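File shown here: model.pdb, holding PDB, N, CA and C atoms.
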ATOM      1  N   MET T   1     118.539 218.976 -88.058
ATOM      2  CA  MET T   1     119.908 218.568 -87.871
ATOM      3  C   MET T   1     120.100 217.181 -88.485
ATOM      4  N   SER T   2     121.117 217.051 -89.290
ATOM      5  CA  SER T   2     121.310 215.785 -89.979
ATOM      6  C   SER T   2     121.943 214.750 -89.060
ATOM      7  N   ARG T   3     121.744 213.506 -89.393
ATOM      8  CA  ARG T   3     122.319 212.414 -88.605
ATOM      9  C   ARG T   3     123.671 212.058 -89.196
ATOM     10  N   ARG T   4     124.627 212.926 -88.941
ATOM     11  CA  ARG T   4     125.953 212.784 -89.504
ATOM     12  C   ARG T   4     126.977 213.187 -88.453
ATOM     13  N   CYS T   5     128.069 212.435 -88.374
ATOM     14  CA  CYS T   5     129.142 212.742 -87.439
ATOM     15  C   CYS T   5     129.848 214.017 -87.882
ATOM     16  N   ALA T   6     130.076 214.944 -86.950
ATOM     17  CA  ALA T   6     130.685 216.226 -87.289
ATOM     18  C   ALA T   6     132.169 216.088 -87.624
ATOM     19  N   ILE T   7     132.824 215.025 -87.173
ATOM     20  CA  ILE T   7     134.264 214.875 -87.387
ATOM     21  C   ILE T   7     134.564 213.953 -88.559
ATOM     22  N   THR T   8     133.989 212.758 -88.553
ATOM     23  CA  THR T   8     134.316 211.784 -89.593
ATOM     24  C   THR T   8     133.361 211.815 -90.771
ATOM     25  N   GLY T   9     132.171 212.388 -90.591
ATOM     26  CA  GLY T   9     131.191 212.436 -91.674
ATOM     27  C   GLY T   9     130.388 211.157 -91.834
ATOM     28  N   LYS T  10     130.467 210.258 -90.857
ATOM     29  CA  LYS T  10     129.676 209.027 -90.939
ATOM     30  C   LYS T  10     128.199 209.366 -90.946
ATOM     31  N   GLY T  11     127.445 208.707 -91.820
ATOM     32  CA  GLY T  11     126.020 208.958 -91.930
ATOM     33  C   GLY T  11     125.234 207.669 -92.011
ATOM     34  N   PRO T  12     123.933 207.765 -92.282
ATOM     35  CA  PRO T  12     123.097 206.568 -92.356
ATOM     36  C   PRO T  12     123.475 205.681 -93.544
ATOM     37  N   LEU T  13     123.337 204.376 -93.344
ATOM     38  CA  LEU T  13     123.507 203.399 -94.414
ATOM     39  C   LEU T  13     122.147 202.805 -94.725
ATOM     40  N   THR T  14     121.980 202.295 -95.936
ATOM     41  CA  THR T  14     120.713 201.672 -96.303
ATOM     42  C   THR T  14     120.938 200.200 -96.583
ATOM     43  N   GLY T  15     119.890 199.432 -96.361
ATOM     44  CA  GLY T  15     119.956 197.996 -96.601
ATOM     45  C   GLY T  15     118.561 197.430 -96.632
ATOM     46  N   ASN T  16     118.455 196.146 -96.428
ATOM     47  CA  ASN T  16     117.170 195.472 -96.469
ATOM     48  C   ASN T  16     116.912 194.724 -95.177
ATOM     49  N   ASN T  17     115.654 194.788 -94.695
ATOM     50  CA  ASN T  17     115.173 193.823 -93.714
ATOM     51  C   ASN T  17     114.768 192.595 -94.509
ATOM     52  N   VAL T  18     115.180 191.422 -94.072
ATOM     53  CA  VAL T  18     114.841 190.196 -94.789
ATOM     54  C   VAL T  18     114.062 189.294 -93.842
ATOM     55  N   SER T  19     112.834 188.966 -94.212
ATOM     56  CA  SER T  19     111.988 188.121 -93.377
ATOM     57  C   SER T  19     112.302 186.644 -93.627
ATOM     58  N   HIS T  20     111.669 185.781 -92.844
ATOM     59  CA  HIS T  20     111.852 184.344 -93.045
ATOM     60  C   HIS T  20     111.325 183.908 -94.401
ATOM     61  N   ALA T  21     110.334 184.637 -94.918
ATOM     62  CA  ALA T  21     109.799 184.335 -96.249
ATOM     63  C   ALA T  21     110.620 184.999 -97.353
ATOM     64  N   ASN T  22     111.759 185.596 -96.966
ATOM     65  CA  ASN T  22     112.686 186.246 -97.888
ATOM     66  C   ASN T  22     112.080 187.493 -98.533
ATOM     67  N   ASN T  23     111.099 188.106 -97.859
ATOM     68  CA  ASN T  23     110.596 189.405 -98.314
ATOM     69  C   ASN T  23     111.606 190.464 -97.915
ATOM     70  N   LYS T  24     111.847 191.406 -98.806
ATOM     71  CA  LYS T  24     112.834 192.439 -98.550
ATOM     72  C   LYS T  24     112.154 193.803 -98.502
ATOM     73  N   THR T  25     112.389 194.520 -97.405
ATOM     74  CA  THR T  25     111.907 195.890 -97.275
ATOM     75  C   THR T  25     113.089 196.764 -96.896
ATOM     76  N   LYS T  26     113.074 197.997 -97.364
ATOM     77  CA  LYS T  26     114.188 198.902 -97.123
ATOM     78  C   LYS T  26     114.278 199.288 -95.648
ATOM     79  N   ARG T  27     115.490 199.497 -95.182
ATOM     80  CA  ARG T  27     115.720 199.950 -93.826
ATOM     81  C   ARG T  27     116.916 200.882 -93.806
ATOM     82  N   ARG T  28     117.044 201.650 -92.740
ATOM     83  CA  ARG T  28     118.197 202.535 -92.554
ATOM     84  C   ARG T  28     118.944 202.115 -91.301
ATOM     85  N   GLN T  29     120.255 202.088 -91.401
ATOM     86  CA  GLN T  29     121.096 201.828 -90.239
ATOM     87  C   GLN T  29     121.733 203.166 -89.860
ATOM     88  N   LEU T  30     121.316 203.726 -88.714
ATOM     89  CA  LEU T  30     121.756 205.045 -88.306
ATOM     90  C   LEU T  30     123.036 204.950 -87.477
ATOM     91  N   PRO T  31     123.916 205.942 -87.579
ATOM     92  CA  PRO T  31     125.128 205.937 -86.756
ATOM     93  C   PRO T  31     124.785 206.208 -85.293
ATOM     94  N   ASN T  32     125.616 205.709 -84.410
ATOM     95  CA  ASN T  32     125.422 205.886 -82.973
ATOM     96  C   ASN T  32     126.009 207.243 -82.574
ATOM     97  N   LEU T  33     125.189 208.302 -82.690
ATOM     98  CA  LEU T  33     125.674 209.653 -82.443
ATOM     99  C   LEU T  33     125.514 210.036 -80.986
ATOM    100  N   ARG T  34     126.502 210.736 -80.458
ATOM    101  CA  ARG T  34     126.504 211.269 -79.101
ATOM    102  C   ARG T  34     126.789 212.755 -79.181
ATOM    103  N   SER T  35     126.108 213.518 -78.344
ATOM    104  CA  SER T  35     126.321 214.964 -78.293
ATOM    105  C   SER T  35     127.383 215.247 -77.239
ATOM    106  N   VAL T  36     128.500 215.861 -77.649
ATOM    107  CA  VAL T  36     129.603 216.135 -76.736
ATOM    108  C   VAL T  36     130.024 217.592 -76.874
ATOM    109  N   LYS T  37     130.646 218.109 -75.815
ATOM    110  CA  LYS T  37     131.226 219.446 -75.857
ATOM    111  C   LYS T  37     132.700 219.315 -76.198
ATOM    112  N   ILE T  38     133.152 220.097 -77.165
ATOM    113  CA  ILE T  38     134.550 220.084 -77.580
ATOM    114  C   ILE T  38     135.115 221.478 -77.349
ATOM    115  N   THR T  39     136.288 221.552 -76.722
ATOM    116  CA  THR T  39     136.941 222.835 -76.493
ATOM    117  C   THR T  39     137.760 223.189 -77.718
ATOM    118  N   LEU T  40     137.525 224.376 -78.257
ATOM    119  CA  LEU T  40     138.236 224.845 -79.433
ATOM    120  C   LEU T  40     139.559 225.494 -79.033
ATOM    121  N   GLU T  41     140.376 225.844 -80.033
ATOM    122  CA  GLU T  41     141.698 226.406 -79.770
ATOM    123  C   GLU T  41     141.623 227.734 -79.038
ATOM    124  N   ASP T  42     140.574 228.522 -79.289
ATOM    125  CA  ASP T  42     140.464 229.841 -78.654
ATOM    126  C   ASP T  42     139.861 229.768 -77.254
ATOM    127  N   GLY T  43     139.613 228.577 -76.734
ATOM    128  CA  GLY T  43     139.114 228.405 -75.386
ATOM    129  C   GLY T  43     137.613 228.271 -75.269
ATOM    130  N   THR T  44     136.871 228.524 -76.336
ATOM    131  CA  THR T  44     135.423 228.390 -76.284
ATOM    132  C   THR T  44     135.031 226.927 -76.457
ATOM    133  N   THR T  45     133.834 226.588 -75.996
ATOM    134  CA  THR T  45     133.349 225.223 -76.146
ATOM    135  C   THR T  45     132.205 225.211 -77.139
ATOM    136  N   LYS T  46     132.081 224.113 -77.855
ATOM    137  CA  LYS T  46     131.023 223.952 -78.843
ATOM    138  C   LYS T  46     130.448 222.558 -78.703
ATOM    139  N   ARG T  47     129.130 222.456 -78.810
ATOM    140  CA  ARG T  47     128.466 221.159 -78.721
ATOM    141  C   ARG T  47     128.324 220.591 -80.134
ATOM    142  N   VAL T  48     128.844 219.390 -80.349
ATOM    143  CA  VAL T  48     128.776 218.736 -81.656
ATOM    144  C   VAL T  48     128.274 217.313 -81.475
ATOM    145  N   ARG T  49     127.748 216.755 -82.554
ATOM    146  CA  ARG T  49     127.296 215.359 -82.554
ATOM    147  C   ARG T  49     128.385 214.507 -83.182
ATOM    148  N   VAL T  50     128.861 213.535 -82.403
ATOM    149  CA  VAL T  50     129.996 212.712 -82.809
ATOM    150  C   VAL T  50     129.598 211.250 -82.673
ATOM    151  N   ALA T  51     130.053 210.411 -83.601
ATOM    152  CA  ALA T  51     129.789 208.972 -83.541
ATOM    153  C   ALA T  51     130.539 208.367 -82.357
ATOM    154  N   ALA T  52     129.956 207.353 -81.739
ATOM    155  CA  ALA T  52     130.558 206.706 -80.579
ATOM    156  C   ALA T  52     131.906 206.080 -80.940
ATOM    157  N   SER T  53     132.030 205.549 -82.138
ATOM    158  CA  SER T  53     133.312 204.968 -82.559
ATOM    159  C   SER T  53     134.380 206.048 -82.680
ATOM    160  N   THR T  54     133.988 207.257 -83.075
ATOM    161  CA  THR T  54     134.932 208.368 -83.164
ATOM    162  C   THR T  54     135.380 208.788 -81.773
ATOM    163  N   LEU T  55     134.459 208.772 -80.801
ATOM    164  CA  LEU T  55     134.828 209.096 -79.422
ATOM    165  C   LEU T  55     135.859 208.115 -78.891
ATOM    166  N   ARG T  56     135.666 206.832 -79.186
ATOM    167  CA  ARG T  56     136.631 205.822 -78.742
ATOM    168  C   ARG T  56     138.004 206.102 -79.332
ATOM    169  N   THR T  57     138.039 206.452 -80.623
ATOM    170  CA  THR T  57     139.310 206.729 -81.286
ATOM    171  C   THR T  57     139.961 207.973 -80.697
ATOM    172  N   MET T  58     139.152 209.012 -80.422
ATOM    173  CA  MET T  58     139.693 210.246 -79.850
ATOM    174  C   MET T  58     140.285 209.990 -78.466
ATOM    175  N   LYS T  59     139.600 209.180 -77.645
ATOM    176  CA  LYS T  59     140.121 208.861 -76.323
ATOM    177  C   LYS T  59     141.398 208.034 -76.415
ATOM    178  N   LYS T  60     141.451 207.130 -77.391
ATOM    179  CA  LYS T  60     142.641 206.309 -77.584
ATOM    180  C   LYS T  60     143.830 207.173 -77.988
ATOM    181  N   LYS T  61     143.609 208.098 -78.929
ATOM    182  CA  LYS T  61     144.693 208.970 -79.391
ATOM    183  C   LYS T  61     145.163 209.891 -78.269
ATOM    184  N   ALA T  62     144.222 210.381 -77.448
ATOM    185  CA  ALA T  62     144.590 211.248 -76.332
ATOM    186  C   ALA T  62     145.414 210.477 -75.306
ATOM    187  N   ALA T  63     145.041 209.230 -75.044
ATOM    188  CA  ALA T  63     145.784 208.414 -74.083
ATOM    189  C   ALA T  63     147.183 208.107 -74.607
ATOM    190  N   LEU T  64     147.291 207.835 -75.903
ATOM    191  CA  LEU T  64     148.602 207.571 -76.489
ATOM    192  C   LEU T  64     149.481 208.809 -76.441
ATOM    193  N   ALA T  65     148.908 209.969 -76.716
ATOM    194  CA  ALA T  65     149.669 211.214 -76.677
ATOM    195  C   ALA T  65     150.111 211.527 -75.260
ATOM    196  N   ALA T  66     149.241 211.278 -74.280
ATOM    197  CA  ALA T  66     149.592 211.539 -72.889
ATOM    198  C   ALA T  66     150.692 210.597 -72.414
ATOM    199  N   SER T  67     150.623 209.337 -72.806
ATOM    200  CA  SER T  67     151.659 208.382 -72.385
ATOM    201  C   SER T  67     152.986 208.668 -73.086
ATOM    202  N   ALA T  68     152.924 209.183 -74.298
ATOM    203  CA  ALA T  68     154.159 209.519 -75.020
ATOM    204  C   ALA T  68     154.845 210.705 -74.378
ATOM    205  N   THR T  69     154.084 211.680 -73.893
ATOM    206  CA  THR T  69     154.709 212.852 -73.264
ATOM    207  C   THR T  69     155.252 212.513 -71.879
ATOM    208  N   THR T  70     154.633 211.576 -71.145
ATOM    209  CA  THR T  70     155.143 211.197 -69.842
ATOM    210  C   THR T  70     156.343 210.286 -69.968
ATOM    211  N   ALA T  71     156.481 209.567 -71.078
ATOM    212  CA  ALA T  71     157.610 208.667 -71.271
ATOM    213  C   ALA T  71     158.889 209.443 -71.602
ATOM    214  N   GLU T  72     158.728 210.632 -72.148
ATOM    215  CA  GLU T  72     159.919 211.404 -72.547
ATOM    216  C   GLU T  72     160.542 212.129 -71.397
TER     217      GLU T  72
END
So that I can check it, write out the structure of this file as structure tokens.
Amino acid sequence: MSRRCAITGKGPLTGNNVSHANNKTKRRQLPNLRSVKITLEDGTTKRVRVAASTLRTMKKKAALAASATTAE
């Protein structure tokens, strides 16, 4: 299973570890993936790996949508 967000497609980034002596070695910065269950339109649930930042955005959008429907 790849280390990639199922919704946004965020994946690993590459960079360098830099020591005090300025030696550079390659490193990978992995996304903060969380396994969550998502309910699909037909009522079934599916387990997907989603980035934590995507979860925050999804919760924010859901809260905004809920407040918009209660305001009307």
Would you mind listing what lies within 8 Å of T:Gly9 as a VMD selection string, with all atoms listed in the file counted and same-chain residues fewer than 5 positions away left out?
chain T and resid 3 to 4 51
In Å, how far is it from atom CA of T:Ser2 to atom C of T:Leu33?
11.5 Å
Which is closest to T:Thr8 among T:Ser35, T:Thr45, T:Thr54, T:Thr25, if we use only C-alpha atoms?
T:Thr54
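All protein and nucleic acid residues in the vicinity of (115.6, 198.8, -97.4), that is within 10 Å when counting only C-alpha atoms, are Leu13, Thr14, Gly15, Asn16, Asn17, Val18, Lys24, Thr25, Lys26, Arg27, Arg28 and Gln29 of chain T.
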Can you tell me, as a PyMOL selection string, which residues in chain T count as alpha helix (DSSP H) by DSSP?
chain T and resi 52-71
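Put simply, atom C of T:Pro12 is 19.8 Å away from atom N of T:Val48.
Atom C of T:Ser53 to atom CA of T:Ala68 spans 21.5 Å [interatomic distance, one decimal].
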Run DSSP on the backbone and give me the residues of chain T it puts in strand (DSSP E), as a ChimeraX atom specification.
/T:13-18,24-29,33-39,45-51
Please evaluate the PyMOL selection byres ((chain T and resi 36) around 6.5) against the displayed coordinates and give the resulting residues as a PyMOL selection string.
chain T and resi 34-35+37-38+46-50
